[in-house]
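The next block holds one structure in the form of structure tokens; read it before the comments.
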There are 2 protein chains.
Amino acid sequence: MISPEILYRYPFFGGLDDAQIRAIALIAQEETLATDVTIFHEGQRAESLYFLVDGGVALYYMGGGTILEKYKEGIPVDDINPGEPFGISALIEPYILTSTARSTKPCRVIRFEAEALKTLFMLDQQLAYKLALKAAKAAVERLSTTRMHLAAAWA
Amino acid sequence: MISPEILYRYPFFGGLDDAQIRAIALIAQEETLATDVTIFHEGQRAESLYFLVDGGVALYYMGGGTILEKYKEGIPVDDINPGEPFGISALIEPYILTSTARSTKPCRVIRFEAEALKTLFMLDQQLAYKLALKAAKAAVERLSTTRMHLAAAWA
């Protein structure tokens with residue numbers, strides 16, 4: 001568990017009431033990562049939702065392993081900054097990661113196990129709704145960024 | 001309103017119970033569109049969630065109006081097929097459309113006004129959760145498609 005105080009600082013957790021913040025703080029784990037650590041792999045089951053507190057994370061698209069020679073490490077499709085979630089597929093069917101995440105700096109992250117979140121969601125449908133919307137918002141923002149990359153690539 | 005029977009046919013509405021299907025059928029409107037009709041514009045407020053029953057719709061990214069001369073009509077970023085939602089920003093903050101939608105064939109669509117949906121969501125938090133997850137799923141699928149385009153463009 002982590003101190004609920006940490007979560008209150010971030011807009012991502014805005015809209016959650018005190019009981020909901022305490023509930024998710026109880027199941028949260030704080031972790032530190034060195035630079036260039038692969039946090040998860042595209043195509044694997046999304047076991048955890050992550051939230052970046054400090055540092056930087058890059059998301060890479062591996063194209064199901066069919067990426068060209070020159071992008072052996074995947075195509076960088078997004079940068080996660082402090083205050084942003086990643087691994088949102090942990091909340092979204094079919095719960096399969098759509099990118100590979102690697103730390104670009106030493107990081108402090110908060111990790112929520114998907115199974116523990118699902119248990120909370122069964123007890124509190126409103127919390128489930130709020131976090132589903134946050135995940136949807138993050139997906140749409142990521143979509144906008146990727147479209148900008150695409151527009152630049154096609155230019 | 002439309003007949004609830006129509007909605008039962010589609011996996012998108014799977015997971016909703018009978019009362020929930022009836023509730024959203026009550027606020028739904030069925031509309032037909034000719035080919036090459038602009039259904040909504042990127043950057044505008046998302047007033048309705050759409051669901052494609054028949055026909056085809058393409059989503060174009062206008063890049064906030066900064067798209068090059070050769071993509072005056074926007075960059076085609078996704079194709080919507082029957083059984084798929086579009087205009088999902090109607091469910092997701094900040095409720096601003098992230099692409100422009102145009103019919104590529106004569107279409108039959110079901111339209112749900114965002115305000116009417118929000119009223120339903122206040123009465124039924126579980127329905128809200130289920131549809132938020134469907135919207136998130138659609139956003140992640142769209143993200144995967146866009147990343148594939150990007151990988152191809154960078155090849």
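Residue numbering restarts at 1 in every chain; chains get A, B, ... in the order shown in the structure tokens, and ligands count up from 1 in that same order.
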
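DSSP secondary structure from the backbone places Ala114, Glu115, Ala116, Leu117 and Lys118 of chain A of segment 89-118 of chain A in alpha helix (DSSP H).
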
Return as a ChimeraX atom specification the residues belonging to chain B that are within 6 Å of chain A, counting only C-alpha atoms.
-> /B:92,129,132-133,136-137,139-140,143,150

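Comparing B:Glu113, B:Val57, B:Ser103, B:Leu52 by their smallest distance to Tyr10 of chain B, the closest is B:Leu52 (using only C-alpha atoms).
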
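If you look at atom CA of Glu84 of chain A and atom CA of Ala90 of chain B, they are 22.0 Å away from each other.
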
Could you list, as a PDB file with all heavy atoms, in the first residue's frame, every residue within 12 Å of Arg9 of chain A, counting only C-alpha atoms and ignoring same-chain residues fewer than 4 positions away?
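Output contents, as saved in selection.pdb:
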ATOM      1  N   SER A   3       0.707   5.796   0.655  1.00  0.00           N
ATOM      2  CA  SER A   3      -0.065   6.840   1.344  1.00  0.00           C
ATOM      3  C   SER A   3      -1.072   7.447   0.363  1.00  0.00           C
ATOM      4  O   SER A   3      -0.703   7.817  -0.754  1.00  0.00           O
ATOM      5  CB  SER A   3       0.891   7.920   1.850  1.00  0.00           C
ATOM      6  OG  SER A   3       0.164   9.097   2.098  1.00  0.00           O
ATOM      7  N   PRO A   4      -2.327   7.565   0.786  1.00  0.00           N
ATOM      8  CA  PRO A   4      -3.323   8.180  -0.104  1.00  0.00           C
ATOM      9  C   PRO A   4      -2.924   9.604  -0.515  1.00  0.00           C
ATOM     10  O   PRO A   4      -3.296  10.074  -1.590  1.00  0.00           O
ATOM     11  CB  PRO A   4      -4.605   8.210   0.752  1.00  0.00           C
ATOM     12  CG  PRO A   4      -4.389   7.200   1.831  1.00  0.00           C
ATOM     13  CD  PRO A   4      -2.911   7.136   2.074  1.00  0.00           C
ATOM     14  N   GLU A   5      -2.118  10.245   0.347  1.00  0.00           N
ATOM     15  CA  GLU A   5      -1.713  11.634   0.062  1.00  0.00           C
ATOM     16  C   GLU A   5      -1.057  11.770  -1.311  1.00  0.00           C
ATOM     17  O   GLU A   5      -1.220  12.776  -1.997  1.00  0.00           O
ATOM     18  CB  GLU A   5      -0.737  12.140   1.139  1.00  0.00           C
ATOM     19  CG  GLU A   5      -1.324  12.175   2.545  1.00  0.00           C
ATOM     20  CD  GLU A   5      -2.630  12.943   2.598  1.00  0.00           C
ATOM     21  OE1 GLU A   5      -2.719  14.020   1.970  1.00  0.00           O
ATOM     22  OE2 GLU A   5      -3.583  12.447   3.252  1.00  0.00           O
ATOM     23  N   PHE A  13      -6.351  11.189 -10.552  1.00  0.00           N
ATOM     24  CA  PHE A  13      -7.194  10.612  -9.494  1.00  0.00           C
ATOM     25  C   PHE A  13      -8.278  11.595  -9.031  1.00  0.00           C
ATOM     26  O   PHE A  13      -9.006  11.327  -8.082  1.00  0.00           O
ATOM     27  CB  PHE A  13      -6.332  10.134  -8.322  1.00  0.00           C
ATOM     28  CG  PHE A  13      -5.335   9.094  -8.737  1.00  0.00           C
ATOM     29  CD1 PHE A  13      -4.006   9.430  -8.965  1.00  0.00           C
ATOM     30  CD2 PHE A  13      -5.733   7.781  -8.948  1.00  0.00           C
ATOM     31  CE1 PHE A  13      -3.085   8.469  -9.387  1.00  0.00           C
ATOM     32  CE2 PHE A  13      -4.819   6.818  -9.375  1.00  0.00           C
ATOM     33  CZ  PHE A  13      -3.496   7.166  -9.586  1.00  0.00           C
ATOM     34  N   GLY A  14      -8.342  12.743  -9.707  1.00  0.00           N
ATOM     35  CA  GLY A  14      -9.367  13.739  -9.400  1.00  0.00           C
ATOM     36  C   GLY A  14     -10.734  13.153  -9.697  1.00  0.00           C
ATOM     37  O   GLY A  14     -10.888  12.362 -10.619  1.00  0.00           O
ATOM     38  N   ILE A  21     -10.150   6.896  -3.002  1.00  0.00           N
ATOM     39  CA  ILE A  21      -8.695   7.137  -2.988  1.00  0.00           C
ATOM     40  C   ILE A  21      -8.038   6.181  -1.977  1.00  0.00           C
ATOM     41  O   ILE A  21      -7.021   5.542  -2.264  1.00  0.00           O
ATOM     42  CB  ILE A  21      -8.390   8.611  -2.603  1.00  0.00           C
ATOM     43  CG1 ILE A  21      -8.803   9.564  -3.721  1.00  0.00           C
ATOM     44  CG2 ILE A  21      -6.916   8.780  -2.221  1.00  0.00           C
ATOM     45  CD1 ILE A  21      -7.780   9.763  -4.822  1.00  0.00           C
ATOM     46  N   VAL A  53       5.083   8.473 -11.501  1.00  0.00           N
ATOM     47  CA  VAL A  53       5.241   9.541 -10.504  1.00  0.00           C
ATOM     48  C   VAL A  53       6.438  10.416 -10.874  1.00  0.00           C
ATOM     49  O   VAL A  53       6.337  11.645 -10.896  1.00  0.00           O
ATOM     50  CB  VAL A  53       5.420   8.935  -9.080  1.00  0.00           C
ATOM     51  CG1 VAL A  53       5.716  10.028  -8.064  1.00  0.00           C
ATOM     52  CG2 VAL A  53       4.174   8.158  -8.683  1.00  0.00           C
ATOM     53  N   PRO A  82       5.378  12.249 -16.043  1.00  0.00           N
ATOM     54  CA  PRO A  82       4.842  12.130 -14.681  1.00  0.00           C
ATOM     55  C   PRO A  82       3.391  12.622 -14.610  1.00  0.00           C
ATOM     56  O   PRO A  82       3.040  13.632 -15.222  1.00  0.00           O
ATOM     57  CB  PRO A  82       5.793  13.016 -13.865  1.00  0.00           C
ATOM     58  CG  PRO A  82       7.101  12.895 -14.593  1.00  0.00           C
ATOM     59  CD  PRO A  82       6.716  12.886 -16.051  1.00  0.00           C
ATOM     60  N   GLY A  83       2.576  11.866 -13.904  1.00  0.00           N
ATOM     61  CA  GLY A  83       1.155  12.215 -13.784  1.00  0.00           C
ATOM     62  C   GLY A  83       0.286  11.477 -14.777  1.00  0.00           C
ATOM     63  O   GLY A  83      -0.928  11.666 -14.794  1.00  0.00           O
TER      64      GLY A  83
END

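Atom to atom, atom CA of Cys107 of chain B and atom CA of Glu47 of chain B stand 19.2 Å apart.
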